2 protein chains.
Amino acid sequence: MPTILVEVMPKAELLDPQGKAVSGALTRLGKSEFTDVRIGKRFELTVDGPITDAIRADVQHIADEILSNSVIEDVVAITYPEAE
Amino acid sequence: MPTILVEVMPKAELLDPQGKAVSGALTRLGKSEFTDVRIGKRFELTVDGPITDAIRADVQHIADEILSNSVIEDVVAITYPEAE
């Protein structure tokens, strides 16, 4: 069954404390070449049946309204790995 | 500065209750064509300087040991969007 990927990241102007914590841990481990880490989400939606234009419109809507909080997050990518 | 993407997903054999909750919400909203949702993480690592072979090895190690918990998660992709 086809899978759709939706990728969501915290907005660039926000701090992302979780990412800062990982970045600090890398620095303490001596990996100072990594200057910044940001942590977002990756959703895999499995669709029953072919990916139609209606489903693409639905996915855009779901990504904007349900999977992300537009106050603090951006939908950075919606990809259809198994679409031709 | 180059950015490296690391994508981590819960292992296929685990339940992923967060994804199940979203999947249930979509069904209640009438979007029953989406049969499953799984939620993972997307890390953006910013590197100071060019991406060398040493950095690639470091990233593989960091992805396996620090960014993911190999008991419950798989590193599904490490991509270098700005590498040629």
# chains A, B, ... in the order shown; residues from 1 in each chain; ligands from 1

call {"tool": "closest_atom_pairs", "arguments": {"of": "chain B", "to": "chain A", "cutoff": "8 Å", "atoms": "only C-alpha atoms", "output": "tab-separated table"}}
result
residue	atom	partner	partner_atom	distance
B:Glu7	CA	A:Arg42	CA	7.5
B:Met9	CA	A:Arg42	CA	7.8
B:Glu33	CA	A:Asp48	CA	5.4
B:Phe34	CA	A:Val47	CA	4.6
B:Thr35	CA	A:Thr46	CA	5.6
B:Asp36	CA	A:Thr46	CA	5.0
B:Val37	CA	A:Leu45	CA	4.6
B:Arg38	CA	A:Glu44	CA	5.1
B:Ile39	CA	A:Phe43	CA	4.6
B:Gly40	CA	A:Arg42	CA	4.9
B:Lys41	CA	A:Lys41	CA	4.4
B:Arg42	CA	A:Gly40	CA	4.9
B:Phe43	CA	A:Ile39	CA	4.7
B:Glu44	CA	A:Arg38	CA	5.1
B:Leu45	CA	A:Val37	CA	4.6
B:Thr46	CA	A:Asp36	CA	5.0
B:Val47	CA	A:Phe34	CA	4.6
B:Asp48	CA	A:Glu33	CA	5.4
B:Gly49	CA	A:Glu33	CA	7.5

call {"tool": "write_last_selection", "arguments": {"atoms": "all heavy atoms", "output": "compact mmCIF listing (two decimals), in the first residue's frame"}}
result
# COMPACT_ATOMS: atom_id res chain seq x y z
N GLU B 7 16.72 10.44 9.77
CA GLU B 7 15.31 10.11 10.00
C GLU B 7 15.20 8.81 10.79
O GLU B 7 15.85 7.82 10.45
CB GLU B 7 14.58 10.00 8.66
CG GLU B 7 14.46 11.37 7.99
CD GLU B 7 14.08 11.28 6.53
OE1 GLU B 7 13.02 10.72 6.23
OE2 GLU B 7 14.86 11.77 5.69
N MET B 9 12.48 6.10 12.79
CA MET B 9 11.08 5.67 12.94
C MET B 9 11.00 4.56 13.98
O MET B 9 11.95 3.81 14.18
CB MET B 9 10.54 5.12 11.61
CG MET B 9 10.38 6.14 10.50
SD MET B 9 9.26 7.51 10.87
CE MET B 9 7.67 6.70 10.88
N GLU B 33 -9.62 6.66 4.32
CA GLU B 33 -8.67 6.12 3.33
C GLU B 33 -7.24 6.02 3.89
O GLU B 33 -6.41 5.34 3.31
CB GLU B 33 -8.69 6.94 2.03
CG GLU B 33 -8.30 8.39 2.17
CD GLU B 33 -9.47 9.32 2.52
OE1 GLU B 33 -10.38 8.87 3.25
OE2 GLU B 33 -9.46 10.47 2.09
N PHE B 34 -6.99 6.71 5.02
CA PHE B 34 -5.68 6.60 5.66
C PHE B 34 -5.75 5.49 6.70
O PHE B 34 -6.38 5.65 7.74
CB PHE B 34 -5.28 7.93 6.30
CG PHE B 34 -5.19 9.05 5.30
CD1 PHE B 34 -6.25 9.92 5.11
CD2 PHE B 34 -4.07 9.19 4.49
CE1 PHE B 34 -6.18 10.93 4.17
CE2 PHE B 34 -4.01 10.20 3.54
CZ PHE B 34 -5.06 11.07 3.39
N THR B 35 -5.14 4.36 6.39
CA THR B 35 -5.33 3.19 7.24
C THR B 35 -4.34 3.13 8.39
O THR B 35 -4.59 2.44 9.37
CB THR B 35 -5.22 1.90 6.41
OG1 THR B 35 -3.98 1.94 5.70
CG2 THR B 35 -6.36 1.78 5.43
N ASP B 36 -3.22 3.82 8.27
CA ASP B 36 -2.24 3.73 9.35
C ASP B 36 -1.39 5.00 9.37
O ASP B 36 -1.14 5.60 8.32
CB ASP B 36 -1.33 2.50 9.16
CG ASP B 36 -0.54 2.18 10.42
OD1 ASP B 36 -0.98 2.56 11.52
OD2 ASP B 36 0.52 1.54 10.30
N VAL B 37 -0.97 5.39 10.56
CA VAL B 37 -0.06 6.53 10.72
C VAL B 37 1.03 6.09 11.68
O VAL B 37 0.75 5.51 12.72
CB VAL B 37 -0.80 7.77 11.29
CG1 VAL B 37 0.18 8.92 11.49
CG2 VAL B 37 -1.95 8.19 10.40
N ARG B 38 2.26 6.35 11.30
CA ARG B 38 3.37 6.12 12.22
C ARG B 38 4.16 7.42 12.34
O ARG B 38 4.32 8.15 11.37
CB ARG B 38 4.28 4.99 11.73
CG ARG B 38 3.54 3.65 11.68
CD ARG B 38 4.46 2.50 11.36
NE ARG B 38 5.30 2.10 12.47
CZ ARG B 38 4.89 1.38 13.51
NH1 ARG B 38 3.66 0.96 13.58
NH2 ARG B 38 5.73 1.07 14.48
N ILE B 39 4.63 7.69 13.55
CA ILE B 39 5.28 8.97 13.81
C ILE B 39 6.71 8.73 14.28
O ILE B 39 6.95 8.02 15.26
CB ILE B 39 4.51 9.78 14.87
CG1 ILE B 39 3.05 9.93 14.41
CG2 ILE B 39 5.16 11.13 15.09
CD1 ILE B 39 2.19 10.74 15.36
N GLY B 40 7.64 9.32 13.55
CA GLY B 40 9.04 9.22 13.92
C GLY B 40 9.66 10.60 14.06
O GLY B 40 8.94 11.59 14.18
N LYS B 41 10.98 10.64 14.04
CA LYS B 41 11.68 11.90 14.25
C LYS B 41 12.54 12.24 13.05
O LYS B 41 13.00 11.36 12.31
CB LYS B 41 12.59 11.79 15.48
CG LYS B 41 11.82 11.67 16.77
CD LYS B 41 12.78 11.57 17.95
CE LYS B 41 12.11 10.89 19.12
NZ LYS B 41 13.10 10.23 19.97
N ARG B 42 12.75 13.53 12.90
CA ARG B 42 13.56 14.04 11.80
C ARG B 42 14.56 15.01 12.41
O ARG B 42 14.17 16.03 12.99
CB ARG B 42 12.65 14.76 10.82
CG ARG B 42 13.32 15.34 9.60
CD ARG B 42 12.27 16.03 8.75
NE ARG B 42 12.77 16.48 7.46
CZ ARG B 42 13.42 17.63 7.28
NH1 ARG B 42 13.68 18.42 8.27
NH2 ARG B 42 13.81 17.97 6.06
N PHE B 43 15.84 14.68 12.33
CA PHE B 43 16.90 15.52 12.90
C PHE B 43 17.61 16.26 11.78
O PHE B 43 17.97 15.64 10.77
CB PHE B 43 17.94 14.66 13.63
CG PHE B 43 17.39 13.87 14.78
CD1 PHE B 43 16.81 12.63 14.58
CD2 PHE B 43 17.45 14.36 16.06
CE1 PHE B 43 16.32 11.89 15.64
CE2 PHE B 43 16.95 13.63 17.14
CZ PHE B 43 16.38 12.40 16.92
N GLU B 44 17.81 17.55 11.97
CA GLU B 44 18.64 18.33 11.06
C GLU B 44 19.91 18.70 11.81
O GLU B 44 19.87 19.43 12.79
CB GLU B 44 17.93 19.63 10.65
CG GLU B 44 16.86 19.45 9.60
CD GLU B 44 16.24 20.78 9.19
OE1 GLU B 44 16.75 21.84 9.63
OE2 GLU B 44 15.25 20.77 8.45
N LEU B 45 21.04 18.17 11.35
CA LEU B 45 22.34 18.50 11.95
C LEU B 45 23.04 19.50 11.05
O LEU B 45 23.24 19.24 9.87
CB LEU B 45 23.22 17.24 12.07
CG LEU B 45 22.62 16.00 12.74
CD1 LEU B 45 23.65 14.87 12.73
CD2 LEU B 45 22.21 16.31 14.16
N THR B 46 23.42 20.63 11.61
CA THR B 46 24.16 21.62 10.85
C THR B 46 25.65 21.42 11.11
O THR B 46 26.08 21.29 12.26
CB THR B 46 23.75 23.04 11.26
OG1 THR B 46 22.34 23.16 11.12
CG2 THR B 46 24.43 24.08 10.40
N VAL B 47 26.43 21.37 10.02
CA VAL B 47 27.86 21.10 10.14
C VAL B 47 28.63 22.36 9.77
O VAL B 47 28.29 23.05 8.81
CB VAL B 47 28.27 19.94 9.20
CG1 VAL B 47 29.77 19.68 9.30
CG2 VAL B 47 27.49 18.69 9.54
N ASP B 48 29.64 22.63 10.57
CA ASP B 48 30.52 23.76 10.30
C ASP B 48 31.65 23.25 9.41
O ASP B 48 32.53 22.52 9.86
CB ASP B 48 31.07 24.28 11.63
CG ASP B 48 31.86 25.56 11.45
OD1 ASP B 48 31.75 26.17 10.38
OD2 ASP B 48 32.59 25.93 12.38
N GLY B 49 31.62 23.60 8.14
CA GLY B 49 32.67 23.16 7.22
C GLY B 49 32.16 22.07 6.29
O GLY B 49 31.00 21.67 6.36

call {"tool": "select_by_dssp", "arguments": {"residues": "chain A", "states": "strand (DSSP E)", "output": "list in words"}}
result
Thr3, Ile4, Leu5, Val6, Glu7, Val8, Met9, Pro10, Phe34, Thr35, Asp36, Val37, Arg38, Ile39, Gly40, Lys41, Arg42, Phe43, Glu44, Leu45, Thr46, Val47, Glu73, Asp74, Val75, Val76, Ala77, Ile78 and Thr79 of chain A

call {"tool": "calpha_fit_and_write", "arguments": {"fixed": "chain A", "moving": "chain B", "output": "tab-separated table (two decimals) with N, CA, C and O atoms, in the first residue's frame"}}
result
chain	number	residue	atom	x	y	z
B	1	MET	N	0.90	-1.18	0.02
B	1	MET	CA	0.04	0.00	0.01
B	1	MET	C	0.89	1.26	0.02
B	1	MET	O	1.92	1.29	0.69
B	2	PRO	N	0.48	2.29	-0.71
B	2	PRO	CA	1.33	3.50	-0.80
B	2	PRO	C	1.45	4.21	0.54
B	2	PRO	O	0.53	4.20	1.35
B	3	THR	N	2.63	4.78	0.74
B	3	THR	CA	2.91	5.52	1.96
B	3	THR	C	3.25	6.96	1.58
B	3	THR	O	3.97	7.19	0.62
B	4	ILE	N	2.69	7.89	2.33
B	4	ILE	CA	2.96	9.31	2.11
B	4	ILE	C	3.77	9.81	3.29
B	4	ILE	O	3.46	9.48	4.44
B	5	LEU	N	4.81	10.58	3.00
B	5	LEU	CA	5.65	11.14	4.07
B	5	LEU	C	5.33	12.60	4.27
B	5	LEU	O	5.31	13.37	3.31
B	6	VAL	N	5.10	12.98	5.53
B	6	VAL	CA	4.92	14.39	5.88
B	6	VAL	C	6.00	14.75	6.89
B	6	VAL	O	6.15	14.06	7.90
B	7	GLU	N	6.77	15.79	6.59
B	7	GLU	CA	7.85	16.19	7.50
B	7	GLU	C	7.56	17.57	8.07
B	7	GLU	O	7.22	18.49	7.34
B	8	VAL	N	7.68	17.67	9.39
B	8	VAL	CA	7.33	18.89	10.12
B	8	VAL	C	8.52	19.29	10.98
B	8	VAL	O	9.10	18.45	11.66
B	9	MET	N	8.90	20.56	10.91
B	9	MET	CA	10.02	21.05	11.72
B	9	MET	C	9.57	22.26	12.53
B	9	MET	O	8.68	23.01	12.11
B	10	PRO	N	10.18	22.49	13.70
B	10	PRO	CA	9.91	23.73	14.43
B	10	PRO	C	10.34	24.93	13.58
B	10	PRO	O	11.31	24.84	12.83
B	11	LYS	N	9.63	26.02	13.70
B	11	LYS	CA	9.95	27.21	12.91
B	11	LYS	C	11.37	27.68	13.23
B	11	LYS	O	11.83	27.58	14.36
B	12	ALA	N	12.04	28.23	12.21
B	12	ALA	CA	13.45	28.61	12.35
B	12	ALA	C	13.65	29.63	13.47
B	12	ALA	O	14.70	29.64	14.13
B	13	GLU	N	12.66	30.49	13.71
B	13	GLU	CA	12.84	31.55	14.71
B	13	GLU	C	12.57	31.07	16.13
B	13	GLU	O	12.76	31.83	17.08
B	14	LEU	N	12.17	29.80	16.30
B	14	LEU	CA	11.93	29.29	17.65
B	14	LEU	C	13.16	28.53	18.15
B	14	LEU	O	13.97	28.03	17.37
B	15	LEU	N	13.26	28.39	19.47
B	15	LEU	CA	14.50	27.89	20.05
B	15	LEU	C	14.74	26.39	19.90
B	15	LEU	O	15.87	25.95	19.80
B	16	ASP	N	13.70	25.56	19.95
B	16	ASP	CA	13.85	24.10	19.90
B	16	ASP	C	14.78	23.59	21.01
B	16	ASP	O	15.90	23.13	20.74
B	17	PRO	N	14.33	23.63	22.27
B	17	PRO	CA	15.19	23.22	23.39
B	17	PRO	C	15.65	21.77	23.31
B	17	PRO	O	16.76	21.44	23.73
B	18	GLN	N	14.82	20.89	22.73
B	18	GLN	CA	15.19	19.49	22.58
B	18	GLN	C	16.43	19.37	21.66
B	18	GLN	O	17.39	18.65	21.98
B	19	GLY	N	16.40	20.11	20.56
B	19	GLY	CA	17.54	20.12	19.66
B	19	GLY	C	18.77	20.72	20.32
B	19	GLY	O	19.89	20.23	20.16
B	20	LYS	N	18.56	21.80	21.08
B	20	LYS	CA	19.68	22.44	21.79
B	20	LYS	C	20.32	21.43	22.75
B	20	LYS	O	21.55	21.42	22.92
B	21	ALA	N	19.51	20.61	23.41
B	21	ALA	CA	20.04	19.63	24.36
B	21	ALA	C	20.93	18.62	23.63
B	21	ALA	O	22.03	18.27	24.11
B	22	VAL	N	20.47	18.14	22.47
B	22	VAL	CA	21.27	17.18	21.71
B	22	VAL	C	22.55	17.85	21.22
B	22	VAL	O	23.65	17.27	21.28
B	23	SER	N	22.41	19.09	20.74
B	23	SER	CA	23.57	19.83	20.26
B	23	SER	C	24.61	19.99	21.37
B	23	SER	O	25.82	19.79	21.16
B	24	GLY	N	24.14	20.32	22.59
B	24	GLY	CA	25.05	20.45	23.72
B	24	GLY	C	25.72	19.12	24.06
B	24	GLY	O	26.91	19.07	24.36
B	25	ALA	N	24.95	18.02	23.97
B	25	ALA	CA	25.52	16.70	24.25
B	25	ALA	C	26.62	16.36	23.24
B	25	ALA	O	27.68	15.84	23.61
B	26	LEU	N	26.39	16.68	21.97
B	26	LEU	CA	27.40	16.39	20.95
B	26	LEU	C	28.67	17.19	21.22
B	26	LEU	O	29.79	16.67	21.09
B	27	THR	N	28.51	18.46	21.61
B	27	THR	CA	29.68	19.28	21.91
B	27	THR	C	30.46	18.70	23.08
B	27	THR	O	31.69	18.57	23.04
B	28	ARG	N	29.74	18.26	24.13
B	28	ARG	CA	30.42	17.67	25.29
B	28	ARG	C	31.12	16.37	24.92
B	28	ARG	O	32.12	16.00	25.53
B	29	LEU	N	30.61	15.65	23.89
B	29	LEU	CA	31.26	14.41	23.45
B	29	LEU	C	32.41	14.69	22.48
B	29	LEU	O	32.99	13.77	21.91
B	30	GLY	N	32.69	15.96	22.26
B	30	GLY	CA	33.83	16.31	21.40
B	30	GLY	C	33.48	16.43	19.93
B	30	GLY	O	34.36	16.60	19.09
B	31	LYS	N	32.17	16.34	19.60
B	31	LYS	CA	31.77	16.45	18.18
B	31	LYS	C	31.42	17.91	17.90
B	31	LYS	O	30.26	18.24	17.58
B	32	SER	N	32.40	18.79	18.02
B	32	SER	CA	32.09	20.21	17.93
B	32	SER	C	31.88	20.68	16.50
B	32	SER	O	31.53	21.83	16.26
B	33	GLU	N	32.11	19.78	15.52
B	33	GLU	CA	31.84	20.18	14.12
B	33	GLU	C	30.34	20.29	13.83
B	33	GLU	O	29.95	20.88	12.83
B	34	PHE	N	29.50	19.73	14.73
B	34	PHE	CA	28.06	19.86	14.56
B	34	PHE	C	27.60	21.07	15.35
B	34	PHE	O	27.58	21.05	16.58
B	35	THR	N	27.29	22.15	14.64
B	35	THR	CA	27.03	23.40	15.34
B	35	THR	C	25.58	23.56	15.78
B	35	THR	O	25.30	24.36	16.65
B	36	ASP	N	24.67	22.83	15.16
B	36	ASP	CA	23.27	23.00	15.54
B	36	ASP	C	22.50	21.72	15.24
B	36	ASP	O	22.83	21.00	14.29
B	37	VAL	N	21.51	21.45	16.06
B	37	VAL	CA	20.62	20.31	15.84
B	37	VAL	C	19.20	20.80	16.02
B	37	VAL	O	18.90	21.51	16.99
B	38	ARG	N	18.35	20.47	15.08
B	38	ARG	CA	16.92	20.76	15.25
B	38	ARG	C	16.15	19.47	15.07
B	38	ARG	O	16.50	18.63	14.25
B	39	ILE	N	15.10	19.31	15.87
B	39	ILE	CA	14.37	18.05	15.88
B	39	ILE	C	12.92	18.29	15.50
B	39	ILE	O	12.23	19.10	16.12
B	40	GLY	N	12.50	17.60	14.45
B	40	GLY	CA	11.12	17.69	14.01
B	40	GLY	C	10.48	16.32	13.96
B	40	GLY	O	11.00	15.37	14.55
B	41	LYS	N	9.37	16.24	13.24
B	41	LYS	CA	8.62	14.98	13.18
B	41	LYS	C	8.52	14.49	11.76
B	41	LYS	O	8.55	15.26	10.80
B	42	ARG	N	8.38	13.18	11.66
B	42	ARG	CA	8.26	12.53	10.36
B	42	ARG	C	7.05	11.60	10.45
B	42	ARG	O	7.05	10.67	11.25
B	43	PHE	N	6.03	11.88	9.67
B	43	PHE	CA	4.80	11.08	9.68
B	43	PHE	C	4.76	10.20	8.44
B	43	PHE	O	5.01	10.70	7.34
B	44	GLU	N	4.46	8.93	8.64
B	44	GLU	CA	4.21	8.03	7.52
B	44	GLU	C	2.72	7.71	7.51
B	44	GLU	O	2.21	7.09	8.44
B	45	LEU	N	2.02	8.15	6.47
B	45	LEU	CA	0.59	7.85	6.33
B	45	LEU	C	0.44	6.73	5.31
B	45	LEU	O	0.91	6.86	4.18
B	46	THR	N	-0.21	5.66	5.71
B	46	THR	CA	-0.47	4.57	4.77
B	46	THR	C	-1.86	4.75	4.18
B	46	THR	O	-2.83	4.99	4.92
B	47	VAL	N	-1.94	4.66	2.86
B	47	VAL	CA	-3.21	4.89	2.17
B	47	VAL	C	-3.71	3.58	1.59
B	47	VAL	O	-2.93	2.80	1.03
B	48	ASP	N	-5.00	3.37	1.76
B	48	ASP	CA	-5.64	2.19	1.18
B	48	ASP	C	-6.11	2.56	-0.22
B	48	ASP	O	-7.07	3.30	-0.38
B	49	GLY	N	-5.42	2.07	-1.23
B	49	GLY	CA	-5.81	2.38	-2.60
B	49	GLY	C	-4.86	3.38	-3.24
B	49	GLY	O	-3.90	3.82	-2.61
B	50	PRO	N	-5.11	3.73	-4.49
B	50	PRO	CA	-4.18	4.62	-5.21
B	50	PRO	C	-4.24	6.05	-4.68
B	50	PRO	O	-5.23	6.46	-4.06
B	51	ILE	N	-3.16	6.78	-4.92
B	51	ILE	CA	-3.09	8.17	-4.47
B	51	ILE	C	-3.70	9.05	-5.55
B	51	ILE	O	-3.12	9.27	-6.60
B	52	THR	N	-4.90	9.52	-5.27
B	52	THR	CA	-5.62	10.36	-6.23
B	52	THR	C	-5.38	11.83	-5.91
B	52	THR	O	-4.79	12.16	-4.87
B	53	ASP	N	-5.86	12.70	-6.78
B	53	ASP	CA	-5.74	14.13	-6.52
B	53	ASP	C	-6.50	14.52	-5.25
B	53	ASP	O	-6.07	15.40	-4.50
B	54	ALA	N	-7.64	13.83	-4.99
B	54	ALA	CA	-8.42	14.12	-3.78
B	54	ALA	C	-7.59	13.78	-2.54
B	54	ALA	O	-7.60	14.52	-1.55
B	55	ILE	N	-6.86	12.67	-2.60
B	55	ILE	CA	-6.04	12.29	-1.45
B	55	ILE	C	-4.90	13.28	-1.27
B	55	ILE	O	-4.56	13.66	-0.15
B	56	ARG	N	-4.30	13.74	-2.37
B	56	ARG	CA	-3.23	14.74	-2.25
B	56	ARG	C	-3.74	16.02	-1.57
B	56	ARG	O	-3.07	16.59	-0.71
B	57	ALA	N	-4.93	16.43	-1.95
B	57	ALA	CA	-5.52	17.64	-1.33
B	57	ALA	C	-5.79	17.38	0.15
B	57	ALA	O	-5.51	18.23	1.01
B	58	ASP	N	-6.32	16.19	0.45
B	58	ASP	CA	-6.57	15.80	1.84
B	58	ASP	C	-5.29	15.83	2.66
B	58	ASP	O	-5.27	16.31	3.79
B	59	VAL	N	-4.21	15.28	2.09
B	59	VAL	CA	-2.95	15.19	2.82
B	59	VAL	C	-2.43	16.59	3.13
B	59	VAL	O	-1.98	16.87	4.24
B	60	GLN	N	-2.53	17.49	2.15
B	60	GLN	CA	-2.08	18.87	2.38
B	60	GLN	C	-2.85	19.48	3.55
B	60	GLN	O	-2.27	20.09	4.46
B	61	HIS	N	-4.15	19.27	3.54
B	61	HIS	CA	-5.01	19.81	4.60
B	61	HIS	C	-4.67	19.18	5.95
B	61	HIS	O	-4.51	19.88	6.96
B	62	ILE	N	-4.52	17.85	5.98
B	62	ILE	CA	-4.21	17.13	7.22
B	62	ILE	C	-2.85	17.59	7.76
B	62	ILE	O	-2.68	17.80	8.97
B	63	ALA	N	-1.88	17.74	6.86
B	63	ALA	CA	-0.54	18.15	7.29
B	63	ALA	C	-0.60	19.54	7.93
B	63	ALA	O	0.02	19.78	8.98
B	64	ASP	N	-1.36	20.44	7.32
B	64	ASP	CA	-1.42	21.82	7.82
B	64	ASP	C	-2.24	21.94	9.10
B	64	ASP	O	-1.92	22.75	9.97
B	65	GLU	N	-3.32	21.16	9.21
B	65	GLU	CA	-4.28	21.38	10.29
B	65	GLU	C	-4.16	20.39	11.44
B	65	GLU	O	-4.50	20.71	12.57
B	66	ILE	N	-3.71	19.17	11.15
B	66	ILE	CA	-3.75	18.12	12.18
B	66	ILE	C	-2.34	17.71	12.60
B	66	ILE	O	-2.05	17.57	13.78
B	67	LEU	N	-1.45	17.52	11.64
B	67	LEU	CA	-0.13	16.99	11.98
B	67	LEU	C	0.83	18.07	12.44
B	67	LEU	O	1.85	17.77	13.06
B	68	SER	N	0.54	19.32	12.14
B	68	SER	CA	1.44	20.39	12.56
B	68	SER	C	0.64	21.48	13.27
B	68	SER	O	-0.55	21.62	13.06
B	69	ASN	N	1.35	22.22	14.10
B	69	ASN	CA	0.78	23.39	14.76
B	69	ASN	C	1.40	24.59	14.08
B	69	ASN	O	2.59	24.89	14.27
B	70	SER	N	0.61	25.30	13.27
B	70	SER	CA	1.19	26.33	12.41
B	70	SER	C	1.75	27.52	13.19
B	70	SER	O	2.44	28.35	12.62
B	71	VAL	N	1.44	27.60	14.48
B	71	VAL	CA	2.02	28.69	15.28
B	71	VAL	C	3.51	28.44	15.52
B	71	VAL	O	4.31	29.37	15.53
B	72	ILE	N	3.88	27.19	15.70
B	72	ILE	CA	5.27	26.88	16.07
B	72	ILE	C	5.99	25.98	15.08
B	72	ILE	O	7.19	25.76	15.20
B	73	GLU	N	5.27	25.44	14.09
B	73	GLU	CA	5.89	24.45	13.20
B	73	GLU	C	5.60	24.76	11.73
B	73	GLU	O	4.58	25.37	11.40
B	74	ASP	N	6.51	24.30	10.87
B	74	ASP	CA	6.31	24.38	9.42
B	74	ASP	C	6.26	22.97	8.84
B	74	ASP	O	7.05	22.11	9.25
B	75	VAL	N	5.37	22.76	7.88
B	75	VAL	CA	5.41	21.52	7.10
B	75	VAL	C	6.49	21.72	6.04
B	75	VAL	O	6.35	22.56	5.15
B	76	VAL	N	7.61	21.02	6.16
B	76	VAL	CA	8.72	21.27	5.25
B	76	VAL	C	8.69	20.39	4.01
B	76	VAL	O	9.30	20.72	3.00
B	77	ALA	N	8.00	19.26	4.07
B	77	ALA	CA	7.94	18.40	2.88
B	77	ALA	C	6.76	17.45	2.98
B	77	ALA	O	6.42	16.95	4.05
B	78	ILE	N	6.13	17.22	1.82
B	78	ILE	CA	5.14	16.15	1.68
B	78	ILE	C	5.60	15.36	0.46
B	78	ILE	O	5.67	15.90	-0.64
B	79	THR	N	5.97	14.12	0.67
B	79	THR	CA	6.51	13.34	-0.46
B	79	THR	C	5.71	12.05	-0.63
B	79	THR	O	5.16	11.50	0.32
B	80	TYR	N	5.69	11.61	-1.89
B	80	TYR	CA	4.93	10.41	-2.27
B	80	TYR	C	5.93	9.42	-2.83
B	80	TYR	O	6.07	9.29	-4.05
B	81	PRO	N	6.66	8.70	-1.94
B	81	PRO	CA	7.77	7.88	-2.42
B	81	PRO	C	7.37	6.82	-3.45
B	81	PRO	O	8.16	6.45	-4.30
B	82	GLU	N	6.13	6.33	-3.35
B	82	GLU	CA	5.76	5.23	-4.26
B	82	GLU	C	4.91	5.71	-5.42
B	82	GLU	O	4.36	4.90	-6.16
B	83	ALA	N	4.78	7.04	-5.56
B	83	ALA	CA	4.04	7.55	-6.71
B	83	ALA	C	4.98	7.62	-7.91
B	83	ALA	O	6.16	7.84	-7.77
B	84	GLU	N	4.43	7.48	-9.10
B	84	GLU	CA	5.30	7.55	-10.27
B	84	GLU	C	5.31	8.97	-10.80
B	84	GLU	O	4.44	9.75	-10.55
